[in-house]
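Peer 1: Structure file upload33.cif (mmCIF, C-alpha atoms, pLDDT in the B column; chains and numbers go by the auth columns) is given on the next line.
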```cif
data_run
#
loop_
_atom_site.group_PDB
_atom_site.id
_atom_site.type_symbol
_atom_site.label_atom_id
_atom_site.label_comp_id
_atom_site.label_asym_id
_atom_site.label_seq_id
_atom_site.Cartn_x
_atom_site.Cartn_y
_atom_site.Cartn_z
_atom_site.B_iso_or_equiv
_atom_site.auth_seq_id
_atom_site.auth_asym_id
ATOM 1 C CA MET A 1 173.361 20.206 76.183 54.00 189 V
ATOM 2 C CA THR A 2 175.304 22.815 78.077 64.00 190 V
ATOM 3 C CA GLN A 3 175.257 26.317 76.769 76.00 191 V
ATOM 4 C CA THR A 4 178.537 28.068 76.273 87.00 192 V
ATOM 5 C CA LEU A 5 179.078 31.760 76.743 87.00 193 V
ATOM 6 C CA ALA A 6 179.676 32.147 73.013 86.00 194 V
ATOM 7 C CA ASN A 7 176.423 30.356 72.191 85.00 195 V
ATOM 8 C CA ASP A 8 174.522 32.464 74.748 86.00 196 V
ATOM 9 C CA LEU A 9 175.905 35.682 73.269 91.00 197 V
ATOM 10 C CA LEU A 10 175.065 34.487 69.755 89.00 198 V
ATOM 11 C CA MET A 11 171.449 33.693 70.737 86.00 199 V
ATOM 12 C CA ARG A 12 171.048 37.047 72.501 89.00 200 V
ATOM 13 C CA GLY A 13 172.506 38.859 69.493 92.00 201 V
ATOM 14 C CA ILE A 14 170.103 37.085 67.133 91.00 202 V
ATOM 15 C CA LYS A 15 167.221 37.890 69.497 90.00 203 V
ATOM 16 C CA ILE A 16 168.142 41.587 69.493 91.00 204 V
ATOM 17 C CA ILE A 17 168.220 41.553 65.686 91.00 205 V
ATOM 18 C CA ASP A 18 164.847 39.770 65.669 90.00 206 V
ATOM 19 C CA ILE A 19 163.279 42.321 68.023 89.00 207 V
ATOM 20 C CA GLY A 20 164.435 45.117 65.707 90.00 208 V
ATOM 21 C CA TYR A 21 163.055 43.200 62.723 90.00 209 V
ATOM 22 C CA ILE A 22 159.687 42.736 64.446 88.00 210 V
ATOM 23 C CA THR A 23 159.568 46.420 65.420 89.00 211 V
ATOM 24 C CA VAL A 24 160.252 47.518 61.831 92.00 212 V
ATOM 25 C CA LEU A 25 157.473 45.227 60.553 92.00 213 V
ATOM 26 C CA TYR A 26 154.949 46.653 63.038 91.00 214 V
ATOM 27 C CA ILE A 27 155.888 50.228 62.155 93.00 215 V
ATOM 28 C CA LEU A 28 155.639 49.524 58.415 94.00 216 V
ATOM 29 C CA PHE A 29 152.207 47.953 58.881 93.00 217 V
ATOM 30 C CA SER A 30 151.073 50.888 61.025 93.00 218 V
ATOM 31 C CA MET A 31 152.099 53.323 58.289 95.00 219 V
ATOM 32 C CA ILE A 32 150.276 51.272 55.640 94.00 220 V
ATOM 33 C CA PHE A 33 147.103 50.879 57.706 93.00 221 V
ATOM 34 C CA ALA A 34 147.123 54.568 58.723 94.00 222 V
ATOM 35 C CA TYR A 35 147.468 55.605 55.076 94.00 223 V
ATOM 36 C CA ILE A 36 144.633 53.296 53.997 93.00 224 V
ATOM 37 C CA THR A 37 142.258 54.383 56.746 91.00 225 V
ATOM 38 C CA ASP A 38 143.025 58.064 56.157 94.00 226 V
ATOM 39 C CA LYS A 39 142.131 57.549 52.491 95.00 227 V
ATOM 40 C CA ILE A 40 138.904 55.743 53.430 93.00 228 V
ATOM 41 C CA MET A 41 137.854 58.208 56.164 91.00 229 V
ATOM 42 C CA GLY A 42 138.916 61.315 54.267 91.00 230 V
ATOM 43 C CA LYS A 43 139.914 64.618 55.781 92.00 231 V
ATOM 44 C CA PHE A 44 138.653 65.259 59.309 92.00 232 V
ATOM 45 C CA ASP A 45 135.892 67.874 59.184 92.00 233 V
ATOM 46 C CA GLU A 46 135.593 69.643 62.511 90.00 234 V
ATOM 47 C CA LYS A 47 132.488 71.617 61.489 93.00 235 V
ATOM 48 C CA LYS A 48 130.711 68.399 60.558 93.00 236 V
ATOM 49 C CA GLN A 49 131.723 66.837 63.889 91.00 237 V
ATOM 50 C CA GLN A 50 130.456 69.835 65.875 90.00 238 V
ATOM 51 C CA LYS A 51 126.935 69.202 64.539 92.00 239 V
ATOM 52 C CA LYS A 52 126.882 65.734 66.120 90.00 240 V
ATOM 53 C CA SER A 53 125.710 64.976 69.641 90.00 241 V
ATOM 54 C CA LYS A 54 128.148 63.791 72.284 89.00 242 V
ATOM 55 C CA THR A 55 126.406 60.425 72.232 91.00 243 V
ATOM 56 C CA GLN A 56 126.885 60.060 68.488 93.00 244 V
ATOM 57 C CA LEU A 57 130.532 61.135 68.730 91.00 245 V
ATOM 58 C CA THR A 58 131.109 58.627 71.531 92.00 246 V
ATOM 59 C CA ILE A 59 129.472 55.778 69.613 94.00 247 V
ATOM 60 C CA GLU A 60 131.475 56.623 66.493 93.00 248 V
ATOM 61 C CA LEU A 61 134.739 56.710 68.433 92.00 249 V
ATOM 62 C CA VAL A 62 133.967 53.405 70.179 93.00 250 V
ATOM 63 C CA CYS A 63 133.227 51.791 66.798 93.00 251 V
ATOM 64 C CA GLU A 64 136.411 53.216 65.278 90.00 252 V
ATOM 65 C CA MET A 65 138.493 51.971 68.224 88.00 253 V
ATOM 66 C CA TRP A 66 136.859 48.560 67.767 91.00 254 V
ATOM 67 C CA VAL A 67 137.982 48.524 64.126 89.00 255 V
ATOM 68 C CA TYR A 68 141.481 49.663 65.095 86.00 256 V
ATOM 69 C CA GLY A 69 141.596 46.810 67.618 86.00 257 V
ATOM 70 C CA ILE A 70 140.763 44.402 64.802 90.00 258 V
ATOM 71 C CA PHE A 71 143.586 45.952 62.750 87.00 259 V
ATOM 72 C CA ILE A 72 145.974 45.279 65.624 84.00 260 V
ATOM 73 C CA TYR A 73 144.831 41.657 65.739 87.00 261 V
ATOM 74 C CA ILE A 74 145.250 41.251 61.970 89.00 262 V
ATOM 75 C CA VAL A 75 148.700 42.842 61.961 89.00 263 V
ATOM 76 C CA ARG A 76 149.872 40.771 64.915 85.00 264 V
ATOM 77 C CA ASN A 77 148.866 37.622 63.046 87.00 265 V
ATOM 78 C CA LEU A 78 150.453 38.844 59.807 90.00 266 V
ATOM 79 C CA VAL A 79 153.742 39.657 61.511 87.00 267 V
ATOM 80 C CA GLU A 80 153.834 36.178 63.048 85.00 268 V
ATOM 81 C CA LEU A 81 153.580 34.690 59.540 89.00 269 V
ATOM 82 C CA ILE A 82 156.475 36.680 58.093 90.00 270 V
ATOM 83 C CA PRO A 83 159.598 34.559 58.354 90.00 271 V
ATOM 84 C CA PHE A 84 162.659 35.824 60.167 90.00 272 V
ATOM 85 C CA PRO A 85 165.768 35.280 58.018 89.00 273 V
ATOM 86 C CA LEU A 86 167.765 33.850 60.937 86.00 274 V
ATOM 87 C CA ASP A 87 165.026 31.497 62.161 85.00 275 V
ATOM 88 C CA GLY A 88 166.608 28.116 62.799 81.00 276 V
ATOM 89 C CA TYR A 89 170.159 29.463 62.752 84.00 277 V
ATOM 90 C CA HIS A 90 172.012 27.623 65.551 83.00 278 V
ATOM 91 C CA GLY A 91 168.625 26.537 66.919 82.00 279 V
ATOM 92 C CA PHE A 92 167.141 30.051 67.247 83.00 280 V
ATOM 93 C CA GLU A 93 163.326 29.967 67.174 81.00 281 V
ATOM 94 C CA HIS A 94 161.671 33.191 65.995 81.00 282 V
ATOM 95 C CA LYS A 95 158.235 32.112 67.270 81.00 283 V
ATOM 96 C CA ARG A 96 159.595 31.928 70.847 80.00 284 V
ATOM 97 C CA VAL A 97 160.504 35.619 70.977 82.00 285 V
ATOM 98 C CA LYS A 98 157.947 37.093 73.399 75.00 286 V
ATOM 99 C CA GLU A 99 158.081 40.518 71.764 75.00 287 V
ATOM 100 C CA LEU A 100 156.477 39.005 68.676 71.00 288 V
ATOM 101 C CA THR A 101 153.069 38.974 70.390 71.00 289 V
ATOM 102 C CA THR A 102 153.387 41.028 73.568 73.00 290 V
ATOM 103 C CA ALA A 103 155.256 44.323 73.948 68.00 291 V
ATOM 104 C CA ILE A 104 155.940 45.263 70.340 70.00 292 V
ATOM 105 C CA PRO A 105 152.259 45.317 69.177 71.00 293 V
ATOM 106 C CA ALA A 106 151.962 48.418 71.375 81.00 294 V
ATOM 107 C CA VAL A 107 154.393 50.020 68.919 84.00 295 V
ATOM 108 C CA PHE A 108 151.788 49.424 66.194 86.00 296 V
ATOM 109 C CA THR A 109 149.114 51.181 68.239 86.00 297 V
ATOM 110 C CA PHE A 110 151.309 54.170 69.059 87.00 298 V
ATOM 111 C CA THR A 111 152.661 54.626 65.535 91.00 299 V
ATOM 112 C CA TYR A 112 149.261 54.018 63.964 91.00 300 V
ATOM 113 C CA ILE A 113 147.852 56.941 65.952 89.00 301 V
ATOM 114 C CA LEU A 114 150.957 58.969 65.147 90.00 302 V
ATOM 115 C CA PHE A 115 150.621 58.411 61.384 93.00 303 V
ATOM 116 C CA SER A 116 146.817 58.610 61.047 93.00 304 V
ATOM 117 C CA ASP A 117 145.837 62.253 60.654 93.00 305 V
ATOM 118 C CA TYR A 118 142.136 61.397 60.808 93.00 306 V
ATOM 119 C CA LEU A 119 142.460 59.430 64.040 91.00 307 V
ATOM 120 C CA LYS A 120 144.682 62.058 65.710 92.00 308 V
ATOM 121 C CA ASN A 121 142.195 64.800 64.871 93.00 309 V
ATOM 122 C CA LYS A 122 139.192 62.695 65.893 92.00 310 V
ATOM 123 C CA LEU A 123 140.762 61.821 69.261 92.00 311 V
ATOM 124 C CA ALA A 124 141.753 65.448 69.911 91.00 312 V
ATOM 125 C CA PHE A 125 138.285 66.682 68.966 92.00 313 V
ATOM 126 C CA PHE A 126 136.632 64.072 71.166 91.00 314 V
ATOM 127 C CA TYR A 127 138.889 64.876 74.098 90.00 315 V
ATOM 128 C CA ASN A 128 138.364 68.628 73.796 89.00 316 V
ATOM 129 C CA HIS A 129 134.628 68.649 73.052 84.00 317 V
ATOM 130 C CA VAL A 130 133.236 65.564 74.732 80.00 318 V
ATOM 131 C CA VAL A 131 135.563 64.829 77.641 81.00 319 V
ATOM 132 C CA TRP A 132 136.064 68.471 78.566 76.00 320 V
ATOM 133 C CA GLY A 133 132.584 69.417 77.394 69.00 321 V
ATOM 134 C CA ASN A 134 133.725 72.577 75.684 61.00 322 V
ATOM 135 C CA ASN A 135 136.261 73.910 73.275 54.00 323 V
ATOM 136 C CA HIS A 136 139.216 73.175 75.588 50.00 324 V
ATOM 137 C CA SER A 137 141.793 73.658 72.837 50.00 325 V
ATOM 138 C CA ASP A 138 141.618 74.650 69.221 49.00 326 V
ATOM 139 C CA SER A 139 144.961 73.128 68.275 47.00 327 V
ATOM 140 C CA TYR A 140 145.052 69.653 66.840 45.00 328 V
#
```
Can you give me the file's structure in the form of structure tokens?

Peer 2:
Amino acid sequence: MTQTLANDLLMRGIKIIDIGYITVLYILFSMIFAYITDKIMGKFDEKKQQKKSKTQLTIELVCEMWVYGIFIYIVRNLVELIPFPLDGYHGFEHKRVKELTTAIPAVFTFTYILFSDYLKNKLAFFYNHVVWGNNHSDSY
């Protein structure tokens, strides 16, 4: 079957809509997961963190990043299961859009860190106190 210019433009238009749809889903999930983990972890307590050794802080951060990686995996699989309203329209296949599993999950990671107050503060504290080895910056 030969593809016409009109059909090509239609498929590209649907793909652009799908990429936006996928992006919105990842951002919504990042907001939900950030809210849930902030509720579970509670407010970041810098004084409590300062009492911990660098080794303990490093192990905690590695474990937390491990959990966040699992969240990314779960969300990626959830997003793949959510149907795209235009899937099948003129032969468009939602599952073939590369952004579903490649570039857009990075949006989840970025926005998850952006929305999670606990994680932002923990990363800033770790960077300033463990990486720099001192109180490099007091602003979080």

Peer 1: What lies within 12 Å of Tyr209 (chain V) using all atoms listed in the file, ignoring chain neighbours under 5 positions off, as a VMD selection string?

Peer 2: chain V and resid 202 to 204 214 to 216 267 to 268 270 to 275 282 285 287 to 288 292

Peer 1: Write out the residues from the selection above, keeping C-alpha atoms, as a PDB file, in the coordinates of the input.

Peer 2:
```pdb
ATOM      1  CA  ILE V 202     170.103  37.085  67.133  1.00 91.00           C
ATOM      2  CA  LYS V 203     167.221  37.890  69.497  1.00 90.00           C
ATOM      3  CA  ILE V 204     168.142  41.587  69.493  1.00 91.00           C
ATOM      4  CA  TYR V 214     154.949  46.653  63.038  1.00 91.00           C
ATOM      5  CA  ILE V 215     155.888  50.228  62.155  1.00 93.00           C
ATOM      6  CA  LEU V 216     155.639  49.524  58.415  1.00 94.00           C
ATOM      7  CA  VAL V 267     153.742  39.657  61.511  1.00 87.00           C
ATOM      8  CA  GLU V 268     153.834  36.178  63.048  1.00 85.00           C
ATOM      9  CA  ILE V 270     156.475  36.680  58.093  1.00 90.00           C
ATOM     10  CA  PRO V 271     159.598  34.559  58.354  1.00 90.00           C
ATOM     11  CA  PHE V 272     162.659  35.824  60.167  1.00 90.00           C
ATOM     12  CA  PRO V 273     165.768  35.280  58.018  1.00 89.00           C
ATOM     13  CA  LEU V 274     167.765  33.850  60.937  1.00 86.00           C
ATOM     14  CA  ASP V 275     165.026  31.497  62.161  1.00 85.00           C
ATOM     15  CA  HIS V 282     161.671  33.191  65.995  1.00 81.00           C
ATOM     16  CA  VAL V 285     160.504  35.619  70.977  1.00 82.00           C
ATOM     17  CA  GLU V 287     158.081  40.518  71.764  1.00 75.00           C
ATOM     18  CA  LEU V 288     156.477  39.005  68.676  1.00 71.00           C
ATOM     19  CA  ILE V 292     155.940  45.263  70.340  1.00 70.00           C
TER      20      ILE V 292
END
```

Peer 1: Tell me which of V:Ala294, V:Asp233, V:Gly257, V:Lys242 sits closest to Lys310 (chain V), counting only C-alpha atoms.

Peer 2: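 When distances to Lys310 (chain V) are compared using only C-alpha atoms, the smallest one comes from V:Asp233.
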
Peer 1: Which residue out of V:Gln244, V:Met229, V:Leu307, V:Thr297 has the minimum interatomic distance to Ile260 (chain V) when only C-alpha atoms are used?

Peer 2: V:Thr297

Peer 1: Looking at all atoms listed in the file, which of V:Gln237, V:Thr192, V:Thr225, V:Asn309 is the one that sits closest to Val255 (chain V)?

Peer 2: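 Closest to Val255 (chain V) of all the choices is V:Thr225.
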
Peer 1: In terms of the shortest atom-to-atom distance over only C-alpha atoms, which of V:Lys231, V:His317, V:Lys240, V:His278 is closest to Gly201 (chain V)?

Peer 2: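 Answer, going by the shortest atom-to-atom distance: V:His278.
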
Peer 1: Expressed in Å to a single decimal, how great is the separation between CA of Ser218 (chain V) and CA of Gly230 (chain V)?

Peer 2: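 We find that CA of Ser218 (chain V) and CA of Gly230 (chain V) lie 17.4 Å from each other.
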
Peer 1: Using all atoms listed in the file, which of V:Ile228, V:Glu281, V:Thr246, V:Phe217 sits nearest Tyr261 (chain V)?

Peer 2: V:Phe217

Peer 1: Of the candidates V:Gln191, V:Val319, V:Ile247, V:Ala222, which one gets nearest to Phe298 (chain V) if we count all atoms listed in the file?

Peer 2: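 Nearest candidate to Phe298 (chain V) out of V:Gln191, V:Val319, V:Ile247, V:Ala222: V:Ala222.
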
Peer 1: If I wrap all listed atoms of region 299-308 of chain V in a box with edges along x, y and z and add 6 Å on each side, what are its centre and edge lengths in Å to one decimal, as JSON?

Peer 2:
```
{"center_x": 147.4, "center_y": 58.1, "center_z": 63.3, "size_x": 22.5, "size_y": 20.2, "size_z": 17.3}
```

Peer 1: Please provide the set of residues having any atom within 10 Å of Val318 (chain V), restricted to only C-alpha atoms, with same-chain residues fewer than 6 positions apart removed, written as JSON, numbers by chain.

Peer 2: {"V": [241, 242, 243, 245, 246, 312, 324]}

Peer 1: Just to confirm, what's the straight-line distance from CA of Phe221 (chain V) to CA of Tyr306 (chain V) in Å (one decimal)?

Peer 2: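 Distance reported for this atom pair: 12.0 Å.
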
Peer 1: Calculate how many Å separate CA of Met253 (chain V) from CA of Ile207 (chain V), rounding to one decimal.

Peer 2: 26.6 Å

Peer 1: For region 189-214 of chain V, where the input has fewer atoms than it should, I would like N, CA and C atoms rebuilt and written as a short mmCIF file (atom, residue, chain, number, x, y, z; two decimals), in the frame of the given file.

Peer 2:
```
data_model
loop_
_atom_site.label_atom_id
_atom_site.label_comp_id
_atom_site.auth_asym_id
_atom_site.auth_seq_id
_atom_site.Cartn_x
_atom_site.Cartn_y
_atom_site.Cartn_z
N MET V 189 172.31 19.45 76.84
CA MET V 189 173.36 20.21 76.18
C MET V 189 173.67 21.46 77.01
N THR V 190 174.91 21.63 77.32
CA THR V 190 175.30 22.82 78.08
C THR V 190 175.54 23.98 77.13
N GLN V 191 175.14 25.12 77.60
CA GLN V 191 175.26 26.32 76.77
C GLN V 191 176.55 27.04 77.10
N THR V 192 177.29 27.33 76.08
CA THR V 192 178.54 28.07 76.27
C THR V 192 178.26 29.56 76.26
N LEU V 193 179.21 30.31 76.75
CA LEU V 193 179.08 31.76 76.74
C LEU V 193 178.95 32.28 75.31
N ALA V 194 179.73 31.72 74.41
CA ALA V 194 179.68 32.15 73.01
C ALA V 194 178.30 31.88 72.41
N ASN V 195 177.74 30.70 72.72
CA ASN V 195 176.42 30.36 72.19
C ASN V 195 175.36 31.27 72.79
N ASP V 196 175.46 31.57 74.08
CA ASP V 196 174.52 32.46 74.75
C ASP V 196 174.57 33.86 74.12
N LEU V 197 175.76 34.36 73.90
CA LEU V 197 175.90 35.68 73.27
C LEU V 197 175.36 35.68 71.85
N LEU V 198 175.59 34.59 71.12
CA LEU V 198 175.06 34.49 69.76
C LEU V 198 173.54 34.52 69.76
N MET V 199 172.92 33.74 70.66
CA MET V 199 171.45 33.69 70.74
C MET V 199 170.88 35.06 71.14
N ARG V 200 171.52 35.71 72.08
CA ARG V 200 171.05 37.05 72.50
C ARG V 200 171.21 38.07 71.37
N GLY V 201 172.30 37.97 70.64
CA GLY V 201 172.51 38.86 69.49
C GLY V 201 171.44 38.66 68.42
N ILE V 202 171.14 37.38 68.12
CA ILE V 202 170.10 37.08 67.13
C ILE V 202 168.76 37.59 67.64
N LYS V 203 168.49 37.42 68.93
CA LYS V 203 167.22 37.89 69.50
C LYS V 203 167.09 39.41 69.37
N ILE V 204 168.16 40.12 69.62
CA ILE V 204 168.14 41.59 69.49
C ILE V 204 167.86 41.98 68.04
N ILE V 205 168.48 41.29 67.11
CA ILE V 205 168.22 41.55 65.69
C ILE V 205 166.76 41.26 65.36
N ASP V 206 166.24 40.16 65.91
CA ASP V 206 164.85 39.77 65.67
C ASP V 206 163.88 40.80 66.24
N ILE V 207 164.16 41.31 67.42
CA ILE V 207 163.28 42.32 68.02
C ILE V 207 163.25 43.57 67.15
N GLY V 208 164.40 43.98 66.63
CA GLY V 208 164.44 45.12 65.71
C GLY V 208 163.65 44.83 64.44
N TYR V 209 163.78 43.63 63.93
CA TYR V 209 163.06 43.20 62.72
C TYR V 209 161.54 43.27 62.96
N ILE V 210 161.12 42.73 64.09
CA ILE V 210 159.69 42.74 64.45
C ILE V 210 159.18 44.17 64.59
N THR V 211 159.95 45.02 65.23
CA THR V 211 159.57 46.42 65.42
C THR V 211 159.40 47.12 64.08
N VAL V 212 160.33 46.91 63.17
CA VAL V 212 160.25 47.52 61.83
C VAL V 212 158.99 47.04 61.11
N LEU V 213 158.68 45.75 61.20
CA LEU V 213 157.47 45.23 60.55
C LEU V 213 156.22 45.90 61.11
N TYR V 214 156.13 46.01 62.43
CA TYR V 214 154.95 46.65 63.04
C TYR V 214 154.83 48.11 62.61
#
```
